[in-house]
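Visitor: Below: one structure in structure tokens.
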Protein chains: 2
Amino acid sequence: MRVKDLMDTKFLKIYPDYTAKKTIELMYKKKRYSTAVLDEEDKLVGWVMSIDLALIDDKSKKIKEIMHPLNEIIILHENDPARDAVIKIVEHKVTSIPVLNNEGKVVGMVRNCDITKTLAKLYDIPVYNLFKIFERELKGITWDELMEAAAVVTKHTTGEDISAKEYEKRIENTTFGQALWACGGLEKFFAGLIKIGEIAIARRVAKVR
Amino acid sequence: MRVKDLMDTKFLKIYPDYTAKKTIELMYKKKRYSTAVLDEEDKLVGWVMSIDLALIDDKSKKIKEIMHPLNEIIILHENDPARDAVIKIVEHKVTSIPVLNNEGKVVGMVRNCDITKTLAKLYDIPVYNLFKIFERELKGITWDELMEAAAVVTKHTTGEDISAKEYEKRIENTTFGQALWACGGLEKFFAGLIKIGEIAIARRVAKVR
């Protein structure tokens, strides 16, 4: 995933000759905390935050007198990996970052709320889906055998006496994020899955013999 | 994980009798876009955003005349699951949410940048770690056998002719997030791992025979 897959291409355009008053009204209407200042070719020339606009007394002041200069602005290129957007947002604690193309034109804005939405999707994947893949990929093992193995592993690791049916019911309403939290992280969740696969295979082999 | 595990307990305290001028200066100093307004018992009474402060002309105005009332504020309880913070930030596109305790006192602030940081940690786990767990949990399979199986599966799925050594080198610098992106999501990544485990076992069984 690249920055261009994450960015919002409908963003507010503010120009250096706008007054503070006009800019505040536009930002208020669009619910923006910070915004890019562009020249007539859409190239980035500055950055304005709502708190900068709150600070000034004379609202007839031009944006070019208030804006942060280019060298103070955190930027992204549209072809940067999406991970760079995450790193910059976390490091600089900003809410949005302007995205430039090869010509230096602003082509979009990466917003923290959109990043949160994208990152959070992974956590919301149902654990049930992962077990369905387990069933499909693990040749010769049935769904019931998998649930029985899962119940055995749960009893081993937590001491909880859970039946295969109860385990199945539980994973119907569990997300990947909840499972990670319950297991104590990705590595432990993953170790549990491997154990379940091994036990399902071992029980199947024992049955066949 | 609960909201209290995520929240920042060092937050700016603004009171209804503060002037807009004083509040703007404090928010500018602390780099805050929005902040909670509290009464003398630290109970939440309002919410102020920097853009609201930019809009007003008379900076001697009191915060109580400017702040958003209680019924307009998105709030969290300290014992809410952390996931609720993510859902509210994405849904309402806010940058921070005040956190209340049972007495209605503000005890912290959940910020979008902290949520991004927490969510992003999962993506940064090295794939190498997962294979090390694979080796540890999959009884009787060596690291080299695992890498050979991974090279076989890679060739099967992508057509790429990669050696076990090359595969090992590749996963040394690959994060879970990059692997998900390369595979096309968690389900496909997981299916690939199961195939690797199965092939490692099958090759080991064939060798023993």
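In the structure tokens, the first chain shown is A, the next is B, and so on; residue numbers restart at 1 for each chain, and ligands run from 1 in the order shown.
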Select from chain A every residue with an atom at most 6 Å from any atom of chain B, then for each give the shortest pair of atoms and their distance in Å to one decimal, using only C-alpha atoms, rows by chain and rising number, as CSV.
Guide:
```
residue,atom,partner,partner_atom,distance
A:Ser50,CA,B:Ile51,CA,5.1
A:Ile51,CA,B:Ser50,CA,5.1
A:Leu53,CA,B:Ala54,CA,5.5
A:Ala54,CA,B:Ala54,CA,3.6
A:Val90,CA,B:Cys113,CA,5.5
A:Lys93,CA,B:Cys113,CA,5.7
A:Cys113,CA,B:Val90,CA,5.5
A:Thr116,CA,B:Thr116,CA,5.7
A:Lys117,CA,B:Val90,CA,5.9
```
Visitor: For the residues in the current selection, export all heavy atoms as a PDB file, in the first residue's frame.
Guide:
```
ATOM      1  N   SER A  50      -5.160  25.815  12.849  1.00  0.00           N
ATOM      2  CA  SER A  50      -6.224  26.645  13.422  1.00  0.00           C
ATOM      3  C   SER A  50      -5.739  27.407  14.659  1.00  0.00           C
ATOM      4  O   SER A  50      -6.163  28.531  14.897  1.00  0.00           O
ATOM      5  CB  SER A  50      -7.448  25.787  13.747  1.00  0.00           C
ATOM      6  OG  SER A  50      -7.084  24.668  14.504  1.00  0.00           O
ATOM      7  N   ILE A  51      -4.814  26.795  15.410  1.00  0.00           N
ATOM      8  CA  ILE A  51      -4.332  27.483  16.612  1.00  0.00           C
ATOM      9  C   ILE A  51      -3.484  28.719  16.233  1.00  0.00           C
ATOM     10  O   ILE A  51      -3.500  29.731  16.945  1.00  0.00           O
ATOM     11  CB  ILE A  51      -3.572  26.521  17.553  1.00  0.00           C
ATOM     12  CG1 ILE A  51      -3.315  27.142  18.932  1.00  0.00           C
ATOM     13  CG2 ILE A  51      -2.276  26.008  16.936  1.00  0.00           C
ATOM     14  CD1 ILE A  51      -4.531  27.288  19.793  1.00  0.00           C
ATOM     15  N   LEU A  53      -4.170  30.594  13.729  1.00  0.00           N
ATOM     16  CA  LEU A  53      -5.176  31.591  13.357  1.00  0.00           C
ATOM     17  C   LEU A  53      -5.881  32.134  14.592  1.00  0.00           C
ATOM     18  O   LEU A  53      -6.341  33.288  14.603  1.00  0.00           O
ATOM     19  CB  LEU A  53      -6.181  30.966  12.380  1.00  0.00           C
ATOM     20  CG  LEU A  53      -5.557  30.546  11.037  1.00  0.00           C
ATOM     21  CD1 LEU A  53      -6.485  29.604  10.282  1.00  0.00           C
ATOM     22  CD2 LEU A  53      -5.231  31.771  10.186  1.00  0.00           C
ATOM     23  N   ALA A  54      -5.981  31.315  15.643  1.00  0.00           N
ATOM     24  CA  ALA A  54      -6.594  31.787  16.890  1.00  0.00           C
ATOM     25  C   ALA A  54      -5.682  32.806  17.578  1.00  0.00           C
ATOM     26  O   ALA A  54      -6.153  33.754  18.201  1.00  0.00           O
ATOM     27  CB  ALA A  54      -6.850  30.598  17.818  1.00  0.00           C
ATOM     28  N   VAL A  90       2.899   9.390  13.870  1.00  0.00           N
ATOM     29  CA  VAL A  90       3.219   9.031  15.254  1.00  0.00           C
ATOM     30  C   VAL A  90       4.379   9.882  15.774  1.00  0.00           C
ATOM     31  O   VAL A  90       4.343  10.410  16.879  1.00  0.00           O
ATOM     32  CB  VAL A  90       3.546   7.517  15.364  1.00  0.00           C
ATOM     33  CG1 VAL A  90       4.123   7.182  16.729  1.00  0.00           C
ATOM     34  CG2 VAL A  90       2.295   6.686  15.100  1.00  0.00           C
ATOM     35  N   LYS A  93       3.248  13.714  15.757  1.00  0.00           N
ATOM     36  CA  LYS A  93       1.943  13.959  16.398  1.00  0.00           C
ATOM     37  C   LYS A  93       1.103  14.978  15.620  1.00  0.00           C
ATOM     38  O   LYS A  93       0.520  15.892  16.215  1.00  0.00           O
ATOM     39  CB  LYS A  93       2.140  14.419  17.851  1.00  0.00           C
ATOM     40  CG  LYS A  93       2.718  13.325  18.750  1.00  0.00           C
ATOM     41  CD  LYS A  93       2.959  13.852  20.156  1.00  0.00           C
ATOM     42  CE  LYS A  93       3.585  12.810  21.063  1.00  0.00           C
ATOM     43  NZ  LYS A  93       2.662  11.777  21.535  1.00  0.00           N
ATOM     44  N   CYS A 113      -7.239  10.132  11.015  1.00  0.00           N
ATOM     45  CA  CYS A 113      -8.443   9.310  11.208  1.00  0.00           C
ATOM     46  C   CYS A 113      -8.570   8.249  10.115  1.00  0.00           C
ATOM     47  O   CYS A 113      -9.022   7.130  10.372  1.00  0.00           O
ATOM     48  CB  CYS A 113      -9.702  10.152  11.345  1.00  0.00           C
ATOM     49  SG  CYS A 113      -9.943  11.347  10.050  1.00  0.00           S
ATOM     50  N   THR A 116      -6.094   5.509  11.039  1.00  0.00           N
ATOM     51  CA  THR A 116      -6.648   4.697  12.129  1.00  0.00           C
ATOM     52  C   THR A 116      -7.640   3.683  11.559  1.00  0.00           C
ATOM     53  O   THR A 116      -7.618   2.505  11.905  1.00  0.00           O
ATOM     54  CB  THR A 116      -7.357   5.599  13.153  1.00  0.00           C
ATOM     55  OG1 THR A 116      -6.428   6.569  13.597  1.00  0.00           O
ATOM     56  CG2 THR A 116      -7.866   4.811  14.343  1.00  0.00           C
ATOM     57  N   LYS A 117      -8.495   4.157  10.663  1.00  0.00           N
ATOM     58  CA  LYS A 117      -9.513   3.291  10.051  1.00  0.00           C
ATOM     59  C   LYS A 117      -8.848   2.127   9.311  1.00  0.00           C
ATOM     60  O   LYS A 117      -9.253   0.975   9.452  1.00  0.00           O
ATOM     61  CB  LYS A 117     -10.325   4.141   9.067  1.00  0.00           C
ATOM     62  CG  LYS A 117     -11.642   3.545   8.664  1.00  0.00           C
ATOM     63  CD  LYS A 117     -12.396   4.546   7.809  1.00  0.00           C
ATOM     64  CE  LYS A 117     -13.668   3.968   7.287  1.00  0.00           C
ATOM     65  NZ  LYS A 117     -14.428   4.986   6.534  1.00  0.00           N
TER      66      LYS A 117
END
```
Visitor: Using only C-alpha atoms, which protein or nucleic acid residues come within 9 Å of Ser163 (chain B)? Drop anything in the same chain fewer than 3 positions from it, and give the result as a PyMOL selection string.
Guide: chain B and resi 147-148+151-152+166-168
Visitor: What residues in region 38-100 of chain B get the DSSP label helix (DSSP H, G or I)? Please answer as a list of chain:residue names.
Guide: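 So, restricting region 38-100 of chain B to helix (DSSP H, G or I), we get B:Ser50, B:Ile51, B:Asp52, B:Leu53, B:Ala54, B:Leu55, B:Ile63, B:Lys64, B:Glu65, B:Ile66, B:Leu70, B:Asn71, B:Glu72, B:Ala82, B:Arg83, B:Asp84, B:Ala85, B:Val86, B:Ile87, B:Lys88, B:Ile89, B:Val90, B:Glu91, B:His92.
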Visitor: Please, what distance in Å, to one decimal, runs between CA of Tyr18 (chain B) and CA of Val106 (chain B)?
Guide: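 It comes out at 17.9 Å.
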Visitor: In Å, how far is it from CA of Tyr128 (chain B) to CA of Ala202 (chain B)?
Guide: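 So the answer is 22.2 Å.
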Visitor: Could you check the closest approach to Lys105 (chain A) for each of A:Asp161, A:Asp144, A:Glu172, A:Glu78 and tell me which residue wins, using only C-alpha atoms?
Guide: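 Nearest candidate to Lys105 (chain A) out of A:Asp161, A:Asp144, A:Glu172, A:Glu78: A:Glu78.
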Visitor: Could you pull the residues within 6 Å of region 8-17 of chain B, counting only C-alpha atoms, minus those fewer than 3 positions along the same chain, as an mmCIF file with all heavy atoms, in the first residue's frame?
Guide:
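Dumped everything to part.cif:
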```
data_model
loop_
_atom_site.group_PDB
_atom_site.id
_atom_site.type_symbol
_atom_site.label_atom_id
_atom_site.label_comp_id
_atom_site.auth_asym_id
_atom_site.auth_seq_id
_atom_site.Cartn_x
_atom_site.Cartn_y
_atom_site.Cartn_z
ATOM 1 N N VAL B 37 -13.054 21.276 29.059
ATOM 2 C CA VAL B 37 -13.300 22.334 30.046
ATOM 3 C C VAL B 37 -13.866 21.647 31.292
ATOM 4 O O VAL B 37 -14.812 20.859 31.201
ATOM 5 C CB VAL B 37 -14.277 23.390 29.508
ATOM 6 C CG1 VAL B 37 -14.421 24.539 30.505
ATOM 7 C CG2 VAL B 37 -13.820 23.916 28.141
ATOM 8 N N LEU B 38 -13.259 21.949 32.452
ATOM 9 C CA LEU B 38 -13.603 21.255 33.701
ATOM 10 C C LEU B 38 -14.162 22.223 34.729
ATOM 11 O O LEU B 38 -13.851 23.415 34.694
ATOM 12 C CB LEU B 38 -12.331 20.625 34.292
ATOM 13 C CG LEU B 38 -11.432 19.827 33.349
ATOM 14 C CD1 LEU B 38 -10.166 19.386 34.076
ATOM 15 C CD2 LEU B 38 -12.176 18.627 32.796
ATOM 16 N N LYS B 62 -15.223 34.831 27.855
ATOM 17 C CA LYS B 62 -14.981 33.682 28.728
ATOM 18 C C LYS B 62 -15.222 32.373 27.971
ATOM 19 O O LYS B 62 -16.093 32.307 27.090
ATOM 20 C CB LYS B 62 -15.922 33.740 29.949
ATOM 21 C CG LYS B 62 -15.653 34.922 30.881
ATOM 22 C CD LYS B 62 -14.445 34.648 31.759
ATOM 23 C CE LYS B 62 -13.983 35.862 32.541
ATOM 24 N NZ LYS B 62 -14.935 36.315 33.570
ATOM 25 N N ILE B 63 -14.494 31.352 28.375
ATOM 26 C CA ILE B 63 -14.623 30.026 27.738
ATOM 27 C C ILE B 63 -16.057 29.496 27.839
ATOM 28 O O ILE B 63 -16.567 28.863 26.910
ATOM 29 C CB ILE B 63 -13.613 29.037 28.368
ATOM 30 C CG1 ILE B 63 -12.203 29.346 27.853
ATOM 31 C CG2 ILE B 63 -13.958 27.583 28.051
ATOM 32 C CD1 ILE B 63 -12.010 29.228 26.346
ATOM 33 N N LYS B 64 -16.739 29.780 28.963
ATOM 34 C CA LYS B 64 -18.116 29.267 29.119
ATOM 35 C C LYS B 64 -19.062 29.792 28.034
ATOM 36 O O LYS B 64 -20.085 29.168 27.758
ATOM 37 C CB LYS B 64 -18.659 29.549 30.524
ATOM 38 C CG LYS B 64 -18.743 30.999 30.915
ATOM 39 C CD LYS B 64 -19.180 31.109 32.375
ATOM 40 C CE LYS B 64 -18.873 32.486 32.928
ATOM 41 N NZ LYS B 64 -18.910 32.514 34.388
ATOM 42 N N GLY B 108 -8.298 11.505 31.940
ATOM 43 C CA GLY B 108 -7.302 11.402 30.877
ATOM 44 C C GLY B 108 -7.885 11.791 29.539
ATOM 45 O O GLY B 108 -9.050 12.199 29.438
ATOM 46 N N MET B 109 -7.044 11.646 28.529
ATOM 47 C CA MET B 109 -7.436 12.028 27.180
ATOM 48 C C MET B 109 -6.888 10.948 26.243
ATOM 49 O O MET B 109 -5.717 10.560 26.366
ATOM 50 C CB MET B 109 -6.763 13.372 26.891
ATOM 51 C CG MET B 109 -7.465 14.243 25.915
ATOM 52 S SD MET B 109 -9.056 14.848 26.500
ATOM 53 C CE MET B 109 -8.563 16.270 27.440
#
```
Visitor: For the atom pair CA of Glu40 (chain A) and CA of Glu103 (chain A), what is the interatomic distance in Å to one decimal place?
Guide: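 About the pair CA of Glu40 (chain A) and CA of Glu103 (chain A): they are 13.6 Å apart.
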